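Visitor: Here it is, the structure in full.
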Amino acid sequence: MQVSVIVIGDELLLGQVIDTNSGDIARHIAPYGWEVNDVQTVGDDAVEISRAIDRAFRLSDVVLTTGGLGPTKDDITKGVLRDYFGGELVEDASVLENVRDIVSRRGFSLNKLTAAQAIVPTSCRVIQNRVGTAPVMWFEKDGKILVAMPGVPFETREMFQSEVFPQLRDRYDSDIDIEHAVLMVTDYTESALAEKIASWEDALPPYFHLAYLPKPGLIRLRIDGAHADKAFIKSEVNRASEELKEMLGDAVIADDDLSPAEILLAECRRRGLLLATAESCTGGNIAHELTLVPGSSDVFVGSVVAYSNEVKTGLLGVSKKTLADCGAVSVEVVREMAEGALAVTGAQISIATSGIAGPGGGSEDKPVGTVCISVAVSSACGLTVCEAERHYFPGNRGRVIDASTTRGLIRGIKLLRRLDADV
């Protein structure tokens with residue numbers, strides 16, 4: 001099943017807001033054999049919105065819109081949809097009750113503009129928005145469906161995944177079964193990985209599709225299989241996954257769709273280890289990734305964001321001589337940061353970073369993008385294994401921080417697994 005998406009709002013065309021909704025929708029529906037075949041971005045203009053709907057219906061039986069449903073004058077999508085599908089705008093008592101409840105729980109008083117969210121076209125079926133005040137509206141015309149959703153990303157994501165898409169799947173049931181497997185692969189660039197498995201990929205049967213989904217330091221390799229025989233395609237996807245794991249060896253850090261933070265936390269939990277971070281250039285981003293994972297508190301104990309040399313020496317015990325001789329961005333300093341994090345937090349494994357994220361601060365010897373990462377693991381007998389390495393990550397400041405974060409987490413995973421293998 002193919003879906004067209006229309007994202008609405010002047011702020012999108014002006015670049016003030018980046019569209020993430022279409023990507024979220026595409027990622028969510030892909031494992032079920034659905035795909036987004038067209039994405040249009042239009043401003044808050046009635047003529048352009050109508051033209052976009054016309055185009056979308058020519059391409060797809062299902063159209064999803066996001067945005068333009070707010071309470072202010074520039075949010076005109078509701079009125080355009082009323083004109084397009086017919087009917088009248090009337091107050092829906094159930095929507096008003098939901099809006100009143102949402103506003104009350106947020107500690108605000110209901111004003112006239114927000115109450116007007118309960119005015120909806122009679123030509124739509126309302127799906128109550130449990131996380132916001134703009135209702136989701138389901139329209140049908142000539143055997144085709146348009147679902148209008150709010151533009152706020154977390155509202156769209158929650159309502160689409162929990163309510164809208166399940167109802168669409170019920171409407172458009174399929175005899176084809178979709179099975180998929182995911183391998184999280186490191187130590188390869190996208191091109192190097194494609195070259196490594198080229199002959200294997202060329203021999204894939206037509207019911208398979210292989211997707212490379214890279215991010216700095218990590219590639220999410222997804223195998224999708226589609227077939228009328230569920231048992232057959234499930235077996236085939238499992239077989240293909242096992243073949244890839246054998247080919248790629250230790251480069252596969254997980255055979256499930258898990259983040260590096262989730263994998264590292266699971267590795268620590270299995271061993272009964274507590275985890276801490278000591279971060280300079282990543283500014284607490286590794287800790288942020290870890291605490292995004294539900295249940296991380298049973299493993300992650302805390303972080304020292306040691307941005308200045310004074311904090312490195314005062315809290316983590318980094319030697320002033322090491323700083324003077326080697327510089328803050330050095331394997332020697334991150335080793336001492338990692339060991340200091342173990343001492344100050346009581347954790348048994350720590351990750352430390354120090355680098356030059358840019359755009360300034362680089363030198364010929366240490367250009368922008370230079371990052372040193374260390375992982376330290378203490379044993380029950382008091383010994384500490386501490387490894388450190390220097391990297392160069394190209395890109396802007398955000399990309400350097402993201403790449404350093406991913407690499408630090410992966411270094412932790414690999415060190416723990418290697419220590420197990422050495423026992």
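A note on labels: chains of the structure tokens are A, B, ... as shown, every chain counts residues from 1, and ligands are counted from 1 in their shown order.
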Quick one: residues within 9 Å of Gly408 of chain A, only C-alpha atoms, excluding same-chain residues fewer than 4 positions away - as a ChimeraX atom specification?
Guide: /A:286,351-353,373-375,403-404,412-413
Visitor: Could the residues in this selection be written to a file with all heavy atoms, as a compact mmCIF listing (two decimals), in the first residue's frame?
Guide:
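Everything below was put into again25.txt:
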```txt
# COMPACT_ATOMS: atom_id res chain seq x y z
N ILE A 286 26.49 11.56 25.91
CA ILE A 286 26.48 10.11 26.14
C ILE A 286 25.51 9.79 27.27
O ILE A 286 24.70 8.86 27.18
CB ILE A 286 27.89 9.58 26.45
CG1 ILE A 286 28.83 9.86 25.28
CG2 ILE A 286 27.85 8.09 26.76
CD1 ILE A 286 30.27 9.44 25.52
N ILE A 351 33.04 5.72 30.51
CA ILE A 351 33.41 6.20 29.17
C ILE A 351 33.80 7.66 29.32
O ILE A 351 33.07 8.45 29.94
CB ILE A 351 32.24 6.08 28.18
CG1 ILE A 351 31.74 4.64 28.10
CG2 ILE A 351 32.64 6.58 26.80
CD1 ILE A 351 30.42 4.50 27.35
N ALA A 352 34.94 8.04 28.74
CA ALA A 352 35.39 9.42 28.82
C ALA A 352 35.68 9.96 27.42
O ALA A 352 36.15 9.22 26.55
CB ALA A 352 36.65 9.52 29.68
N THR A 353 35.41 11.24 27.22
CA THR A 353 35.67 11.89 25.94
C THR A 353 36.32 13.25 26.15
O THR A 353 36.02 13.97 27.10
CB THR A 353 34.36 12.11 25.14
OG1 THR A 353 33.50 13.00 25.88
CG2 THR A 353 33.64 10.81 24.88
N ILE A 373 38.84 9.10 23.08
CA ILE A 373 37.82 8.36 23.82
C ILE A 373 38.49 7.27 24.62
O ILE A 373 39.39 6.58 24.11
CB ILE A 373 36.79 7.74 22.86
CG1 ILE A 373 36.08 8.83 22.05
CG2 ILE A 373 35.76 6.89 23.62
CD1 ILE A 373 35.21 8.28 20.92
N SER A 374 38.05 7.11 25.85
CA SER A 374 38.59 6.05 26.71
C SER A 374 37.45 5.30 27.38
O SER A 374 36.42 5.89 27.71
CB SER A 374 39.52 6.64 27.78
OG SER A 374 40.02 5.62 28.62
N VAL A 375 37.67 4.00 27.58
CA VAL A 375 36.75 3.17 28.35
C VAL A 375 37.55 2.45 29.42
O VAL A 375 38.60 1.85 29.11
CB VAL A 375 36.03 2.14 27.46
CG1 VAL A 375 35.10 1.26 28.31
CG2 VAL A 375 35.24 2.83 26.37
N ALA A 403 28.95 11.56 16.52
CA ALA A 403 29.87 10.47 16.18
C ALA A 403 30.68 10.04 17.39
O ALA A 403 30.92 8.84 17.61
CB ALA A 403 30.80 10.91 15.05
N SER A 404 31.12 11.00 18.21
CA SER A 404 31.88 10.68 19.41
C SER A 404 31.04 9.90 20.40
O SER A 404 31.51 8.95 21.05
CB SER A 404 32.39 11.98 20.08
OG SER A 404 33.12 12.76 19.17
N GLY A 412 32.56 0.80 24.60
CA GLY A 412 32.19 0.14 25.85
C GLY A 412 31.66 -1.26 25.61
O GLY A 412 32.03 -2.22 26.31
N ILE A 413 30.79 -1.40 24.61
CA ILE A 413 30.22 -2.71 24.28
C ILE A 413 31.32 -3.70 23.91
O ILE A 413 31.39 -4.82 24.41
CB ILE A 413 29.23 -2.57 23.10
CG1 ILE A 413 28.03 -1.72 23.51
CG2 ILE A 413 28.78 -3.95 22.60
CD1 ILE A 413 27.22 -1.21 22.32
```
Visitor: DSSP on the backbone: which residues in segment 108-252 of chain A end up as strand (DSSP E)? Give the answer as number ranges by chain.
Guide: A: 119-121, 125-127, 136-141, 144-149, 177-185, 208-215, 218-227, 252
Visitor: Just to confirm, what's the straight-line distance from atom CA of Val42 of chain A to atom CA of Lys112 of chain A in Å (one decimal)?
Guide: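 Result for atom CA of Val42 of chain A versus atom CA of Lys112 of chain A: 27.6 Å, one decimal.
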Visitor: For each of A:Val3, A:Leu110, A:Val305, A:Val252, take the minimum atom-to-atom distance to Arg58 of chain A, counting only C-alpha atoms, then give the residue where this is smallest.
Guide: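 Under the stated criterion, the closest residue is A:Val3.
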Visitor: Need the shell around Asp187 of chain A: protein/DNA/RNA residues with any atom at most 10 Å away, counting only C-alpha atoms. Skip same-chain ones fewer than 6 positions apart. Format as a list in words?
Guide: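 Returned residues: Leu193, Gly217, Leu218, Ile219, Leu248, Asp250, Ala251, Val252, Arg407 and Ile410 of chain A.
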Visitor: Quick one: write out the picked residues with N, CA, C and O atoms as a CSV table (one decimal), in the first residue's frame?
Guide:
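Final output, selection.csv:
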```csv
chain,number,residue,atom,x,y,z
A,193,LEU,N,30.8,-1.6,3.5
A,193,LEU,CA,29.9,-2.7,3.8
A,193,LEU,C,29.2,-3.2,2.6
A,193,LEU,O,29.1,-4.5,2.4
A,217,GLY,N,29.2,6.3,12.6
A,217,GLY,CA,29.7,5.2,13.3
A,217,GLY,C,28.9,4.0,13.4
A,217,GLY,O,29.3,3.0,14.0
A,218,LEU,N,27.8,3.9,12.7
A,218,LEU,CA,26.9,2.8,12.8
A,218,LEU,C,26.0,2.7,11.6
A,218,LEU,O,25.6,3.7,11.0
A,219,ILE,N,25.8,1.4,11.1
A,219,ILE,CA,24.9,1.2,10.0
A,219,ILE,C,23.8,0.2,10.5
A,219,ILE,O,24.1,-0.8,11.0
A,248,LEU,N,29.9,-11.0,8.7
A,248,LEU,CA,30.4,-9.7,9.3
A,248,LEU,C,31.0,-9.9,10.7
A,248,LEU,O,31.7,-9.0,11.2
A,250,ASP,N,32.3,-9.8,14.3
A,250,ASP,CA,32.2,-8.9,15.5
A,250,ASP,C,31.7,-7.5,15.1
A,250,ASP,O,31.4,-6.7,16.0
A,251,ALA,N,31.6,-7.2,13.8
A,251,ALA,CA,31.1,-5.9,13.4
A,251,ALA,C,29.6,-5.8,13.6
A,251,ALA,O,29.1,-4.7,13.7
A,252,VAL,N,29.0,-6.9,13.8
A,252,VAL,CA,27.5,-6.9,14.2
A,252,VAL,C,27.5,-6.8,15.7
A,252,VAL,O,27.8,-7.8,16.4
A,407,ARG,N,30.6,6.3,19.0
A,407,ARG,CA,31.8,5.6,19.2
A,407,ARG,C,32.2,5.2,20.6
A,407,ARG,O,32.6,4.1,20.9
A,410,ILE,N,29.9,2.3,21.6
A,410,ILE,CA,30.4,1.0,21.0
A,410,ILE,C,31.7,0.5,21.6
A,410,ILE,O,31.9,-0.7,21.7
```
Visitor: Segment 365-369 of chain A: which residues within 8 Å, counting only C-alpha atoms, same-chain residues fewer than 3 positions away excluded, as a PDB file with all heavy atoms, in the first residue's frame?
Guide:
```
ATOM      1  N   GLY A 355      37.687  16.367  23.189  1.00  0.00           N
ATOM      2  CA  GLY A 355      37.962  16.610  21.774  1.00  0.00           C
ATOM      3  C   GLY A 355      37.702  18.035  21.363  1.00  0.00           C
ATOM      4  O   GLY A 355      37.416  18.910  22.200  1.00  0.00           O
ATOM      5  N   ILE A 356      37.804  18.265  20.068  1.00  0.00           N
ATOM      6  CA  ILE A 356      37.600  19.596  19.490  1.00  0.00           C
ATOM      7  C   ILE A 356      36.430  19.491  18.524  1.00  0.00           C
ATOM      8  O   ILE A 356      36.572  19.014  17.388  1.00  0.00           O
ATOM      9  CB  ILE A 356      38.868  20.076  18.749  1.00  0.00           C
ATOM     10  CG1 ILE A 356      40.085  20.007  19.686  1.00  0.00           C
ATOM     11  CG2 ILE A 356      38.672  21.496  18.228  1.00  0.00           C
ATOM     12  CD1 ILE A 356      41.416  20.108  18.973  1.00  0.00           C
ATOM     13  N   ALA A 357      35.263  19.916  18.980  1.00  0.00           N
ATOM     14  CA  ALA A 357      34.047  19.774  18.181  1.00  0.00           C
ATOM     15  C   ALA A 357      33.877  20.906  17.178  1.00  0.00           C
ATOM     16  O   ALA A 357      33.078  20.785  16.246  1.00  0.00           O
ATOM     17  CB  ALA A 357      32.819  19.690  19.097  1.00  0.00           C
ATOM     18  N   GLY A 358      34.598  22.008  17.365  1.00  0.00           N
ATOM     19  CA  GLY A 358      34.556  23.097  16.406  1.00  0.00           C
ATOM     20  C   GLY A 358      33.420  24.088  16.661  1.00  0.00           C
ATOM     21  O   GLY A 358      32.694  23.973  17.639  1.00  0.00           O
ATOM     22  N   PRO A 359      33.296  25.073  15.791  1.00  0.00           N
ATOM     23  CA  PRO A 359      34.036  25.211  14.536  1.00  0.00           C
ATOM     24  C   PRO A 359      35.454  25.738  14.686  1.00  0.00           C
ATOM     25  O   PRO A 359      36.265  25.643  13.767  1.00  0.00           O
ATOM     26  CB  PRO A 359      33.183  26.203  13.738  1.00  0.00           C
ATOM     27  CG  PRO A 359      32.501  27.023  14.784  1.00  0.00           C
ATOM     28  CD  PRO A 359      32.229  26.095  15.925  1.00  0.00           C
ATOM     29  N   GLY A 360      35.793  26.300  15.866  1.00  0.00           N
ATOM     30  CA  GLY A 360      37.147  26.781  16.104  1.00  0.00           C
ATOM     31  C   GLY A 360      37.880  25.878  17.073  1.00  0.00           C
ATOM     32  O   GLY A 360      37.362  24.870  17.543  1.00  0.00           O
ATOM     33  N   GLY A 361      39.109  26.275  17.391  1.00  0.00           N
ATOM     34  CA  GLY A 361      39.872  25.569  18.413  1.00  0.00           C
ATOM     35  C   GLY A 361      40.835  24.529  17.900  1.00  0.00           C
ATOM     36  O   GLY A 361      41.590  23.930  18.676  1.00  0.00           O
ATOM     37  N   GLY A 362      40.839  24.260  16.607  1.00  0.00           N
ATOM     38  CA  GLY A 362      41.716  23.238  16.069  1.00  0.00           C
ATOM     39  C   GLY A 362      43.115  23.763  15.788  1.00  0.00           C
ATOM     40  O   GLY A 362      43.390  24.962  15.832  1.00  0.00           O
ATOM     41  N   HIS A 391      40.529   9.685  17.521  1.00  0.00           N
ATOM     42  CA  HIS A 391      39.737   9.606  16.301  1.00  0.00           C
ATOM     43  C   HIS A 391      39.705  10.963  15.619  1.00  0.00           C
ATOM     44  O   HIS A 391      39.953  12.000  16.237  1.00  0.00           O
ATOM     45  CB  HIS A 391      38.296   9.194  16.605  1.00  0.00           C
ATOM     46  CG  HIS A 391      38.159   7.828  17.184  1.00  0.00           C
ATOM     47  ND1 HIS A 391      38.091   6.694  16.419  1.00  0.00           N
ATOM     48  CD2 HIS A 391      38.086   7.420  18.475  1.00  0.00           C
ATOM     49  CE1 HIS A 391      37.976   5.635  17.200  1.00  0.00           C
ATOM     50  NE2 HIS A 391      37.968   6.053  18.453  1.00  0.00           N
ATOM     51  N   TYR A 392      39.343  10.908  14.351  1.00  0.00           N
ATOM     52  CA  TYR A 392      39.007  12.135  13.628  1.00  0.00           C
ATOM     53  C   TYR A 392      37.621  11.958  13.039  1.00  0.00           C
ATOM     54  O   TYR A 392      37.376  11.031  12.251  1.00  0.00           O
ATOM     55  CB  TYR A 392      40.013  12.436  12.522  1.00  0.00           C
ATOM     56  CG  TYR A 392      39.559  13.578  11.639  1.00  0.00           C
ATOM     57  CD1 TYR A 392      39.569  14.889  12.115  1.00  0.00           C
ATOM     58  CD2 TYR A 392      39.073  13.335  10.360  1.00  0.00           C
ATOM     59  CE1 TYR A 392      39.115  15.932  11.328  1.00  0.00           C
ATOM     60  CE2 TYR A 392      38.616  14.372   9.564  1.00  0.00           C
ATOM     61  CZ  TYR A 392      38.635  15.665  10.059  1.00  0.00           C
ATOM     62  OH  TYR A 392      38.171  16.699   9.286  1.00  0.00           O
ATOM     63  N   PHE A 393      36.684  12.824  13.432  1.00  0.00           N
ATOM     64  CA  PHE A 393      35.310  12.775  12.936  1.00  0.00           C
ATOM     65  C   PHE A 393      35.031  14.036  12.121  1.00  0.00           C
ATOM     66  O   PHE A 393      35.016  15.139  12.677  1.00  0.00           O
ATOM     67  CB  PHE A 393      34.317  12.688  14.095  1.00  0.00           C
ATOM     68  CG  PHE A 393      34.485  11.473  14.956  1.00  0.00           C
ATOM     69  CD1 PHE A 393      34.788  11.602  16.310  1.00  0.00           C
ATOM     70  CD2 PHE A 393      34.346  10.202  14.423  1.00  0.00           C
ATOM     71  CE1 PHE A 393      34.935  10.480  17.116  1.00  0.00           C
ATOM     72  CE2 PHE A 393      34.494   9.072  15.217  1.00  0.00           C
ATOM     73  CZ  PHE A 393      34.791   9.213  16.569  1.00  0.00           C
ATOM     74  N   PRO A 394      34.814  13.923  10.814  1.00  0.00           N
ATOM     75  CA  PRO A 394      34.540  15.111  10.001  1.00  0.00           C
ATOM     76  C   PRO A 394      33.120  15.606  10.220  1.00  0.00           C
ATOM     77  O   PRO A 394      32.257  14.889  10.732  1.00  0.00           O
ATOM     78  CB  PRO A 394      34.718  14.578   8.572  1.00  0.00           C
ATOM     79  CG  PRO A 394      34.369  13.126   8.666  1.00  0.00           C
ATOM     80  CD  PRO A 394      34.835  12.677  10.028  1.00  0.00           C
ATOM     81  N   GLY A 395      32.891  16.839   9.813  1.00  0.00           N
ATOM     82  CA  GLY A 395      31.533  17.378   9.894  1.00  0.00           C
ATOM     83  C   GLY A 395      31.444  18.560  10.836  1.00  0.00           C
ATOM     84  O   GLY A 395      32.429  19.028  11.410  1.00  0.00           O
ATOM     85  N   VAL A 400      30.133  15.909  14.976  1.00  0.00           N
ATOM     86  CA  VAL A 400      31.283  15.437  15.762  1.00  0.00           C
ATOM     87  C   VAL A 400      30.822  14.897  17.116  1.00  0.00           C
ATOM     88  O   VAL A 400      31.270  13.833  17.572  1.00  0.00           O
ATOM     89  CB  VAL A 400      32.317  16.563  15.945  1.00  0.00           C
ATOM     90  CG1 VAL A 400      33.414  16.149  16.928  1.00  0.00           C
ATOM     91  CG2 VAL A 400      32.944  16.940  14.604  1.00  0.00           C
TER      92      VAL A 400
END
```
Visitor: At what distance in Å, to one decimal, does atom CA of Leu13 of chain A lie from atom CA of Val126 of chain A?
Guide: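 Straight-line distance from atom CA of Val126 of chain A to atom CA of Leu13 of chain A works out to 28.3 Å.
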Visitor: What's around segment 15-17 of chain A at 12 Å? Count only C-alpha atoms, leave out sequence neighbours fewer than 2 positions away in its own chain, and write the answer as a PyMOL selection string.
Guide: chain A and resi 7-13+19-21+41+43+67+151-153
Visitor: Ranking A:Ile178, A:Val377, A:Cys281, A:Val371 by minimum distance to Phe232 of chain A and counting only C-alpha atoms, which one comes first?
Guide: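 Looking at the shortest contact to Phe232 of chain A, the residue is A:Ile178.
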Visitor: Could you find all residues in segment 96-159 of chain A that DSSP calls helix (DSSP H, G or I) from the backbone, and write them as an NGL selection string?
Guide: :A and (96-105 or 112-118 or 153-159)
Visitor: What are the nearest atom pairs, with distances in Å to one decimal, for all residues of segment 7-86 of chain A that come at most 10 Å from segment 168-175 of chain A, using only C-alpha atoms, set out by chain and rising residue number as CSV?
Guide:
```
residue,atom,partner,partner_atom,distance
A:Ile29,CA,A:Arg169,CA,9.8
A:Tyr32,CA,A:Arg169,CA,9.0
A:Gly33,CA,A:Ser174,CA,9.2
A:Trp34,CA,A:Arg169,CA,9.4
A:Val62,CA,A:Leu168,CA,8.5
```
Visitor: Which value, in Å to one decimal, gives the distance between atom CA of Gly143 of chain A and atom CA of Arg130 of chain A?
Guide: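 About the pair atom CA of Gly143 of chain A and atom CA of Arg130 of chain A: they are 27.8 Å apart.
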Visitor: Just checking: using only C-alpha atoms, which residue out of A:Gly340, A:Pro206, A:Pro214, A:Gly79 ends up closest to Ala194 of chain A?
Guide: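 Nearest candidate to Ala194 of chain A out of A:Gly340, A:Pro206, A:Pro214, A:Gly79: A:Pro214.
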Visitor: Excluding segment 263-266 of chain A and residues on its chain fewer than 3 positions from it, collect all residues at most 12 Å away from it, counting only C-alpha atoms, and give them as a compact mmCIF listing (two decimals) with N, CA and C atoms, in the first residue's frame.
Guide:
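Listing of selection.txt after writing:
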```
# COMPACT_ATOMS: atom_id res chain seq x y z
N MET A 184 22.72 -4.38 13.57
CA MET A 184 23.42 -3.13 13.84
C MET A 184 24.91 -3.38 13.59
N VAL A 252 28.95 -6.94 13.82
CA VAL A 252 27.54 -6.92 14.20
C VAL A 252 27.45 -6.83 15.73
N ILE A 253 26.99 -5.70 16.23
CA ILE A 253 26.92 -5.54 17.68
C ILE A 253 25.54 -5.89 18.23
N ALA A 254 24.56 -6.09 17.34
CA ALA A 254 23.23 -6.53 17.78
C ALA A 254 22.47 -7.05 16.58
N ASP A 255 21.64 -8.07 16.82
CA ASP A 255 20.76 -8.57 15.76
C ASP A 255 19.32 -8.18 16.05
N ASP A 256 19.17 -6.97 16.55
CA ASP A 256 17.86 -6.40 16.81
C ASP A 256 17.98 -4.89 16.63
N ASP A 257 16.86 -4.22 16.48
CA ASP A 257 16.87 -2.78 16.23
C ASP A 257 17.03 -2.03 17.54
N LEU A 258 18.28 -2.01 18.04
CA LEU A 258 18.59 -1.40 19.32
C LEU A 258 19.62 -0.29 19.13
N SER A 259 19.53 0.73 19.95
CA SER A 259 20.54 1.78 19.93
C SER A 259 21.79 1.30 20.66
N PRO A 260 22.96 1.90 20.38
CA PRO A 260 24.16 1.54 21.14
C PRO A 260 23.97 1.70 22.65
N ARG A 269 24.05 -4.67 32.51
CA ARG A 269 23.04 -5.29 33.38
C ARG A 269 23.31 -6.79 33.52
N ARG A 270 23.65 -7.41 32.41
CA ARG A 270 23.91 -8.86 32.43
C ARG A 270 25.08 -9.21 33.32
N ARG A 271 26.03 -8.29 33.44
CA ARG A 271 27.23 -8.53 34.24
C ARG A 271 27.14 -7.94 35.64
N GLY A 272 26.06 -7.22 35.93
CA GLY A 272 25.91 -6.59 37.23
C GLY A 272 26.84 -5.41 37.43
N LEU A 273 27.14 -4.66 36.34
CA LEU A 273 28.06 -3.53 36.41
C LEU A 273 27.31 -2.20 36.42
N LEU A 274 27.86 -1.26 37.16
CA LEU A 274 27.35 0.11 37.13
C LEU A 274 28.19 0.94 36.16
N LEU A 275 27.55 1.90 35.51
CA LEU A 275 28.16 2.65 34.42
C LEU A 275 28.15 4.14 34.72
N ALA A 276 29.23 4.83 34.35
CA ALA A 276 29.32 6.28 34.50
C ALA A 276 30.02 6.87 33.28
N ILE A 286 26.49 11.56 25.91
CA ILE A 286 26.48 10.11 26.14
C ILE A 286 25.51 9.79 27.27
N ALA A 287 25.59 10.57 28.35
CA ALA A 287 24.65 10.39 29.46
C ALA A 287 23.21 10.59 28.99
N GLU A 289 21.97 10.01 25.95
CA GLU A 289 21.55 8.83 25.20
C GLU A 289 21.23 7.67 26.13
N LEU A 290 22.00 7.51 27.17
CA LEU A 290 21.77 6.42 28.12
C LEU A 290 20.46 6.62 28.88
N THR A 291 20.21 7.84 29.32
CA THR A 291 19.00 8.08 30.12
C THR A 291 17.74 8.19 29.28
N LEU A 292 17.87 8.21 27.96
CA LEU A 292 16.69 8.10 27.11
C LEU A 292 16.09 6.70 27.17
N VAL A 293 16.89 5.72 27.60
CA VAL A 293 16.45 4.33 27.62
C VAL A 293 15.68 4.07 28.92
N PRO A 294 14.43 3.63 28.83
CA PRO A 294 13.67 3.33 30.05
C PRO A 294 14.38 2.26 30.89
N GLY A 295 14.41 2.48 32.19
CA GLY A 295 15.04 1.51 33.08
C GLY A 295 16.53 1.66 33.21
N SER A 296 17.11 2.72 32.63
CA SER A 296 18.56 2.88 32.67
C SER A 296 19.09 3.14 34.08
N SER A 297 18.22 3.56 34.99
CA SER A 297 18.67 3.94 36.33
C SER A 297 19.24 2.77 37.12
N ASP A 298 18.94 1.53 36.72
CA ASP A 298 19.50 0.41 37.47
C ASP A 298 20.95 0.12 37.06
N VAL A 299 21.45 0.82 36.04
CA VAL A 299 22.81 0.62 35.56
C VAL A 299 23.60 1.93 35.59
N PHE A 300 23.01 2.99 35.07
CA PHE A 300 23.73 4.25 34.93
C PHE A 300 23.66 5.06 36.22
N VAL A 301 24.83 5.40 36.77
CA VAL A 301 24.86 6.09 38.07
C VAL A 301 25.06 7.59 37.95
N ILE A 349 32.37 0.54 35.17
CA ILE A 349 32.75 0.85 33.79
C ILE A 349 32.46 2.31 33.53
N SER A 350 33.37 2.96 32.82
CA SER A 350 33.17 4.38 32.50
C SER A 350 33.63 4.66 31.08
N ILE A 351 33.04 5.72 30.51
CA ILE A 351 33.41 6.20 29.17
C ILE A 351 33.80 7.66 29.32
N THR A 406 28.39 7.95 19.73
CA THR A 406 28.19 6.58 19.23
C THR A 406 29.44 5.74 19.40
N ARG A 407 30.59 6.33 19.05
CA ARG A 407 31.84 5.57 19.16
C ARG A 407 32.16 5.21 20.60
N GLY A 408 31.92 6.12 21.53
CA GLY A 408 32.17 5.82 22.93
C GLY A 408 31.31 4.68 23.44
N LEU A 409 30.05 4.68 23.09
CA LEU A 409 29.15 3.60 23.51
C LEU A 409 29.57 2.27 22.91
N ILE A 410 29.95 2.28 21.63
CA ILE A 410 30.38 1.05 20.97
C ILE A 410 31.68 0.54 21.56
N ARG A 411 32.59 1.44 21.89
CA ARG A 411 33.84 1.02 22.54
C ARG A 411 33.55 0.30 23.86
N GLY A 412 32.56 0.80 24.60
CA GLY A 412 32.19 0.14 25.85
C GLY A 412 31.66 -1.26 25.61
N ILE A 413 30.79 -1.40 24.61
CA ILE A 413 30.22 -2.71 24.28
C ILE A 413 31.32 -3.70 23.91
N LYS A 414 32.23 -3.27 23.05
CA LYS A 414 33.25 -4.18 22.53
C LYS A 414 34.27 -4.56 23.59
N LEU A 415 34.61 -3.62 24.46
CA LEU A 415 35.56 -3.95 25.52
C LEU A 415 34.98 -5.00 26.46
N LEU A 416 33.73 -4.83 26.86
CA LEU A 416 33.11 -5.81 27.75
C LEU A 416 33.05 -7.19 27.09
N ARG A 417 32.72 -7.25 25.86
CA ARG A 417 32.64 -8.54 25.17
C ARG A 417 34.02 -9.16 25.01
```
